[in-house]
Every structure is written in C-alpha cells, then in structure tokens.
Protein chains: 6
Amino acid sequence: MIDRLLRMMDRLVSPATVSAHCDLPCGVYDPAKARIEAQSVKACMEKHNGSDDHDFKARSITIKEERADLVKHHLWVLWTDYFKPEHLEAHPQLHELFWKATKTAGESKKTNDEAVGQRLLDEIDQIADVFWATKK
Amino acid sequence: MIDRLLRMMDRLVSPATVSAHCDLPCGVYDPAKARIEAQSVKACMEKHNGSDDHDFKARSITIKEERADLVKHHLWVLWTDYFKPEHLEAHPQLHELFWKATKTAGESKKTNDEAVGQRLLDEIDQIADVFWATKK
Amino acid sequence: MIDRLLRMMDRLVSPATVSAHCDLPCGVYDPAKARIEAQSVKACMEKHNGSDDHDFKARSITIKEERADLVKHHLWVLWTDYFKPEHLEAHPQLHELFWKATKTAGESKKTNDEAVGQRLLDEIDQIADVFWATKK
Amino acid sequence: MIDRLLRMMDRLVSPATVSAHCDLPCGVYDPAKARIEAQSVKACMEKHNGSDDHDFKARSITIKEERADLVKHHLWVLWTDYFKPEHLEAHPQLHELFWKATKTAGESKKTNDEAVGQRLLDEIDQIADVFWATKK
Amino acid sequence: MIDRLLRMMDRLVSPATVSAHCDLPCGVYDPAKARIEAQSVKACMEKHNGSDDHDFKARSITIKEERADLVKHHLWVLWTDYFKPEHLEAHPQLHELFWKATKTAGESKKTNDEAVGQRLLDEIDQIADVFWATKK
Amino acid sequence: MIDRLLRMMDRLVSPATVSAHCDLPCGVYDPAKARIEAQSVKACMEKHNGSDDHDFKARSITIKEERADLVKHHLWVLWTDYFKPEHLEAHPQLHELFWKATKTAGESKKTNDEAVGQRLLDEIDQIADVFWATKK
C-alpha cells in the first residue's frame with residue numbers, strides 16, 4: 001500500500017514520469033485520463049439510482065454514455081500508442097486487460113449497476129499498475 | 001480468391017451479414033469503415049509525394065492525420081465491440097492483429113512512405129478476413 | 001443484377017475504383033459510408049420496437065439520432081465534393097435525390113417507423129447507383 | 001437597400017423571425033451561422049497573405065480548413081432542414097445555390113485567393129436573400 | 001432603442017465591425033453565435049412543454065443539452081479570446097457577466113423552465129451590449 | 001510541500017474527494033485534466049524546437065493547437081461548473097486566474113517558446129491550489 005501511495009505521489013510531482021498521448025508523439029501519457037472519466041461513469045450510476053426525477057435519470061444515462069466513450073478512447077490510446085512490444089513481453093496480460101476494460105466501459109452504458117462501474121475502475125487500476133511498473 | 005469474392009458479394013447484398021457498431025448495440029459492424037479511411041491515408045501520401053506545392057503538401061499531412069485517427073477509431077470499435085471471447089479462441093492472433101494495425105495507423109501519421117499506407121491496408125484486410133470468417 | 005454484383009466486387013477489389021472524400025481531395029469516396037450508418041439507423045428502430053426496457057428504448061433513440069447525423073454528413077460530402085457539373089448534366093435528378101435522402105435521414109430521427117429506415121436505405125441505394133454509373 | 005437593412009434589424013430584434021436548426025426541430029435557423037464562419041475563412045486568407053511568418057501562415061491554412069468545414073456544415077443543415085418543397089417551387093435555383101456555395105467553401109480550403117473568400121460570402125448572401133424572402 | 005438598432009445594423013453591414021473567433025486570431029467575433037444557440041435552448045424548452053409525446057420530449061432534452069453546450073463554448077471563446085485587459089478596465093463586470101451566463105447555460109440543461117431560457121438570452125444580450133460598446 | 005504531497009495522495013486514494021465535471025452534474029472534477037493536456041502543449045514545443053524535420057515541426061504545431069484547445073475547454077468547465085459563489089468570496093482572484101490561464105493557452109498556440117508552456121503549467125497549478133483548498 002505504501003508502495004502504491006509512493007508511486008502515485010511520484011507520478012504527480014516528478015516531471016520524469018511524463019510520457020506521450022498523441023501520435024506526434026508528444027510524450028505525455030497518463031491512465032488518470034481514463035480513470036477520471038470512469039469515476040464520472042460510476043457517479044452517473046449513483047446519481048441515477050438515487051433520484052426519482054424521470055428527466056434527470058434520462059440525462060444521467062445519456063451523459064454516462066458519453067463518459068464511457070471517453071473511457072474507451074483514453075484506454076485505446078494508451079494500449080496502441082504508449083505500450084511497446086517490450087512491455088508486452090514483460091506483461092503478457094496487457095492485451096487481455098485492455099480488451100476487458102474497454103468491454104466493461106461498453107457494458108457500463110447498458111446498465112446502472114454500480115458494481116459494473118466499480119469493476120471498470122478496478123480494471124483501469126490494474127492497467128495503471130502495469131503502466132507505472134513500466135515507468136520505473 | 002473466388003471464395004473471397006463470394007464473401008465480399010455476400011457481405012454487400014445480404015442483410016444477414018449485418019451486425020453492430022455502437023454500444024446499443026445496433027448490430028451493424030463492417031471493417032469497410034476502417035478500410036475506406038485507410039485508402040484515404042494512402043491516397044494522401046501519394047498526393048503528397050506527387051506534388052511540389054508546399055501548402056498542398058502541408059494540407060495532405062494534416063488531413064492524413066485525421067484520416068489515420070478515424071482508422072484507429074474504427075478498428076478499436078471493431079476489436080472491443082464486435083469480437084467476443086469465442087472469436088478469440090478460434091482466432092488467437094486477434095489482439096496482435098489489432099494492436100499492429102492501429103500502431104501502423106499511428107505510424108502512417110509520421111511518414112509519407114506509401115509502403116506504410118499499403119501495410120495498413122493489408123493489415124486491415126487480415127482483420128477483415130477474420131471478421132468475415134466469424135460471419136459464416 | 002449480375003451487373004450490379006460485378007460492380008460491387010469490382011469496387012472492393014480494384015484499386016482503380018478509388019476516388020476522394022476530403023477536400024484535399026484525397027480521391028476516396030464511397031456511398032458505403034452513408035449506407036453502413038443507415039443500416040444502424042434502421043437497426044436501432046428494430047431494436048427499439050422489439051424491446052420493452054424503457055432505458056434501452058431511450059438509448060436507441062439517442063444513438064439513432066447520432067447515426068442519422070452521420071448519414072446526413074456522409075451524403076452531403078458526397079453531393080458537394082464528389083459530384084461534378086458533368087455528372088449533374090448526365091443525372092439531373094441528383095440534387096433532388098440528395099435532398100430527399102438527407103431529409104429522410106432527418107425524418108428517421110423523429111420516428112421509429114422501420115419503413116422510414118428502409119426508405120432511407122433505398123434512397124441511398126439510388127444515389128449509389130448514380131455514383132457507380134459515373135465510375136464506369 | 002433600406003429594405004435589406006430593415007430585414008436585418010427585424011431579424012435580430014423580433015422573436016417572430018426565429019425558426020429551427022436541429023432536427024427536433026427546435027425552430028431556429030439563421031444563415032448568419034454560415035456567414036460568420038465564412039468571414040473567418042476570408043480573414044484567414046488575408047492574415048495569411050499579409051504575413052511572412054512561416055508558422056503563422058501554416059496555422060492560418062489549418063484554421064481556414066476547419067472554418068470552411070463549418071461553413072459547409074451550416075449551409076447543408078439550412079438546405080436540408082429549413083427549406084421545404086414549397087420554398088423550392090418559389091425559388092427553383094435553391095439546389096444550385098447551395099451546391100455552388102458549398103463547393104466554393106471546399107475550394108476556399110485549397111487557395112488563399114481572397115476573391116474566392118469574397119465569392120463565398122456573396123453566395124451565402126444570395127442564400128440569405130432567399131431565406132429572408134421565405135420569412136416574410 | 002434607436003441607438004441599439006443602429007448598432008445592430010452597423011454590425012451586420014459594415015466590414016469594419018468584424019474581428020476574431022479562433023486563436024489565429026482571424027479577427028471575427030460575434031455574440032450572435034451564442035445567441036442563436038440560446039434561442040434553440042429556449043425553443044427546445046417550449047417544444048418540450050407543448051408536447052405530450054414522450055419520445056419527442058426526451059429528444060428535446062438531449063438536443064437542448066447539446067445546444068446549451070454550444071452556448072457555453074461560444075461564450076467562453078468570447079470571454080477569453082476577444083476581451084482584452086483594457087476592456088475589463090472599462091467594463092469591470094465582464095468576468096461576472098460571463099460566469100453567470102455560462103452558469104445559466106448549465107442550469108438550462110437541468111430544467112425546462114422557459115424563464116431560465118429567457119434569462120440566458122437576457123444575459124447574452126448584456127454581454128452583447130458590452131461587446132458592441134467596445135467596437136465603437 | 002509535505003502538505004501538498006498529502007493532498008495529492010488524498011485526492012487519488014479517497015473516494016470522498018471526488019466531485020462533478022459534466023452538467024448532470026456527476027460530481028467529478030479534477031484540474032489534472034487540464035494539466036495533462038498542458039504537459040502535452042509544452043512537450044510539443046520541446047519536440048518542435050529539438051527537431052529539424054520540417055514535417056515533424058508542422059505536425060507538432062497542429063497537435064499543440066488541439067491540445068491547447070483541450071486545456072482551454074477543461075479550464076472553462078472547471079471555472080463555470082465547479083466553482084460556486086462561496087468559493088469566489090474566499091478566493092476573489094479566481095476569475096482573473098482562469099482568464100489569464102486560458103489566455104496563456106491561446107498564446108501557446110502562437111509560439112514555441114517553452115517559457116509560455118511552463119507559464120501555462122504554473123497558472124494551472126495555481127488554479128489547482130485553489131481547487132484543492134476548497135476540497136478540504
């Protein structure tokens with residue numbers, strides 16, 4: 001746990017941890033982009049489930065759909081653009097991790113089951129663990 | 001070859017070959033979407049290489065960048081949304097095919113080497129072969 | 001019919017049939033882009049009509065709206081960017097065909113009547129017939 | 001001229017002149033949307049031609065490309081969504097006006113000839129004249 | 001009132017009143033962009049309130065959401081890109097005006113109260129008054 | 001410094017620190033979104049300045065333009081959607097901070113001066129400090 005906290009701190013304060021998220025590539029990648037949107041996905045589910053205003057519930061579903069799309073996009077970018085063959089050799093589960101997490105993001109559009117939202121966050125965290133491991 | 005032609009005909013004329021490309025899912029997927037954009041990517045390279053108008057060359061690079069982004073997007077959607085675990089069992093090379101093809105799309109932004117554009121088309125065709133095999 | 005099948009095959013396998021869909025122009029146009037999205041529009045209607053899950057029905061309407069927008073966009077691009085005055089002389093019904101088809105795409109947002117979805121597909125097929133006639 | 005000024009004033013101050021620009025339809029259409037973007041297109045040309053900063057010139061071309069795309073989009077929406085068959089009967093030149101204006105918008109991407117930018121503005125003004133005539 | 005009408009006329013017919021709306025900057029800004037979208041927001045509310053078609057009401061809410069987003073975007077661009085420190089000195093209420101108007105645009109997503117739509121229009125008009133004052 | 005590190009850790013590990021970034025509102029806001037894009041802006045400048053490949057330099061400018069647009073968007077959302085009147089009372093410099101930072105983002109499109117990229121990061125950090133102060 002201490003180790004994980006240290007990695008998180010490290011990631012935010014050290015310019016050395018910065019790498020790329022466009023195809024220049026500019027060298028800036030960060031799983032936080034996908035995670036923030038996934039937090040929104042789960043929050044939309046919670047707001048939906050806690051309301052009985054019909055219009056509000058409908059809006060929460062539409063907004064969740066957009067946020068889940070962003071999760072998928074940010075994960076796909078990370079998978080294709082950041083990870084290199086040598087990372088895959090060291091972490092052979094990578095393809096499967098991304099496939100499952102993006103599928104969960106798709107699944108989160110079809111349900112308001114908060115457990116699916118939580119699973120999405122957990123799967124992103126597993127990806128983040130691999131990501132930060134490659135940064136050491 | 002005959003087999004491939006028949007599959008292509010089949011795909012275009014038979015409503016039975018139609019399946020899904022959004023997360024409804026609506027049931028409509030087609031690797032043609034990625035391929036058409038990849039044709040543009042390669043065409044932009046050819047137009048670039050055949051011109052000596054500086055502004056035209058610059059525009060071709062910017063437009064190629066956008067088209068390559070669409071290739072990536074359409075491939076990612078196909079990978080995550082259409083393919084199911086049973087497809088992966090029958091075609092274990094799927095993850096690698098998509099990873100390589102989307103990486104080639106990224107590479108095509110950085111170069112005007114038409115061989116890269118052609119490789120992108122070939123890799124999409126390999127994906128299309130698997131796709132149509134799962135449709136039989 | 002044979003003729004149409006051959007044209008379709010030809011279009012997919014021959015690099016010579018390739019022309020343009022951006023304003024470079026890159027030389028790649030294809031009515032298939034509009035048709036694939038129109039298939040989604042109709043599929044969304046069918047999924048909507050076959051379900052009694054309220055949230056699912058709402059999502060199908062929102063997604064149909066986006067897909068219909070893409071149909072309009074792809075048709076407009078084809079009309080303005082691909083077709084030239086000489087095509088219009090040979091096919092004077094062109095403006096009317098595009099106007100009606102894009103209006104039908106708009107109409108398909110407002111209804112779940114599958115006949116409207118089918119009409120949209122038929123009108124795109126009429127446009128495709130003219131398109132492929134100009135390619136001979 | 002007085003007549004045109006009065007129409008312009010009228011359009012801005014009277015809620016009665018308001019009609020629709022989405023497919024709800026919400027009832028709000030206005031050729032000003034296309035015109036404002038076309039002003040940007042022409043201004044980008046002028047800025048480009050008046051500068052010798054290479055990077056600035058490149059940016060002006062890229063931005064002009066985006067603005068010209070918006071011009072096309074706003075014109076297409078007006079053509080398909082606002083105009084009705086009865087308008088076309090009274091103004092049979094409508095299809096041709098829109099086809100030419102959107103083609104000019106495409107042409108404005110490929111050149112920095114300010115005369116093309118001015119022609120785009122003039123063609124939009126012709127469309128606006130028909131538009132406001134249908135509003136009387 | 002006469003003064004305001006004259007300013008409006010002036011703005012539309014005089015090329016001298018034209019300034020910038022991208023970061024080139026191209027020199028074309030116009031509060032009309034935000035206002036037209038805000039008219040749609042209010043019109044969506046009215047259409048919603050005047051209908052008892054459930055699907056239509058749902059679509060009006062989704063479309064209103066998109067239009068309100070455009071209002072926010074156009075206002076933010078005006079605030080950051082057009083206005084300069086000297087304008088702020090002369091009109092110290094500027095920050096507050098924009099903050100309130102963009103917040104009202106956000107609020108208009110959550111309600112179908114037409115008074116909120118009208119307030120949004122009024123706040124944009126206040127911004128437009130400052131804008132045209134800086135153009136004199 | 002310790003205090004800042006603790007705040008950062010806290011923010012990442014505690015679900016209690018999560019709040020909203022859409023207009024639902026879903027309750028998830030995070031200045032990290034703007035900061036990550038701003039890191040890309042600065043990285044594009046550095047890549048540009050360190051290269052003598054003409055095409056690469058042109059691409060870096062175009063990509064920087066898009067990333068700077070995202071910075072502006074994320075900051076605007078934070079300003080309008082997250083901050084409330086009571087925050088403004090406690091931090092009266094808020095409007096000015098956001099206005100300057102978004103203007104710097106615009107300025108970063110027009111230059112490859114890395115000092116401007118750094119200033120953008122610093123101004124976002126000042127905003128983040130206020131943001132996390134309101135979270136305590």
# chains A, B, ... in the order shown; residues from 1 in each chain; ligands from 1
>>> closest_atom_pairs(of="chain F", to="chain B", cutoff="10 Å", atoms="only C-alpha atoms", output="tab-separated table")
residue	atom	partner	partner_atom	distance
F:His54	CA	B:Ala58	CA	9.9
F:Asp55	CA	B:Ala58	CA	7.7
F:Phe56	CA	B:Lys110	CA	7.4
F:Ala58	CA	B:Ala58	CA	7.7
F:Arg59	CA	B:Thr62	CA	7.3
F:Thr62	CA	B:Thr62	CA	7.8
F:Ile63	CA	B:Thr62	CA	9.5
>>> select_by_dssp(residues="chain C", states="alpha helix (DSSP H)", output="PyMOL selection string")
chain C and resi 2-13+32-49+54-77+85-90+94-109+114-135
>>> residues_around(residues="Arg119 of chain E", least_positions_apart="4", cutoff="12 Å", atoms="only C-alpha atoms", output="list in words")
Arg35, Ala38, Gln39, Val41, Lys42, Lys100, Ala101, Thr102, Lys103, Thr104, Ala105, Glu107, Ser108, Asp113, Glu114, Ala115, Glu123, Ile124, Asp125 and Gln126 of chain E
>>> write_last_selection(atoms="C-alpha atoms", output="compact mmCIF listing (two decimals), in the first residue's frame")
# COMPACT_ATOMS: atom_id res chain seq x y z
CA ARG E 35 -27.40 33.89 -29.00
CA ALA E 38 -29.54 30.08 -26.81
CA GLN E 39 -32.64 30.69 -28.92
CA VAL E 41 -32.27 26.17 -25.97
CA LYS E 42 -35.36 28.19 -25.20
CA LYS E 100 -23.32 33.96 -14.67
CA ALA E 101 -24.32 33.47 -18.30
CA THR E 102 -22.35 30.24 -18.67
CA LYS E 103 -23.76 29.01 -15.36
CA THR E 104 -27.25 29.80 -16.64
CA ALA E 105 -26.48 27.78 -19.78
CA GLU E 107 -28.72 25.39 -15.47
CA SER E 108 -30.81 25.34 -18.67
CA ASP E 113 -38.44 26.30 -17.16
CA GLU E 114 -38.67 28.79 -20.02
CA ALA E 115 -37.81 31.62 -17.65
CA GLU E 123 -27.58 37.67 -20.04
CA ILE E 124 -26.17 37.13 -23.53
CA ASP E 125 -27.73 40.44 -24.55
CA GLN E 126 -25.96 42.16 -21.67
>>> atom_distance(atom1="atom CA of Ser60 of chain D", atom2="atom CA of Lys47 of chain D")
7.3 Å
>>> residues_around(residues="Ala128 of chain C", least_positions_apart="2", cutoff="12 Å", atoms="only C-alpha atoms", output="PyMOL selection string")
chain C and resi 4+7-8+11+29-35+75+78-79+83+94+97-98+101+121-126+130-135
>>> atom_distance(atom1="atom CA of Gly50 of chain C", atom2="atom CA of Leu24 of chain B")
13.1 Å
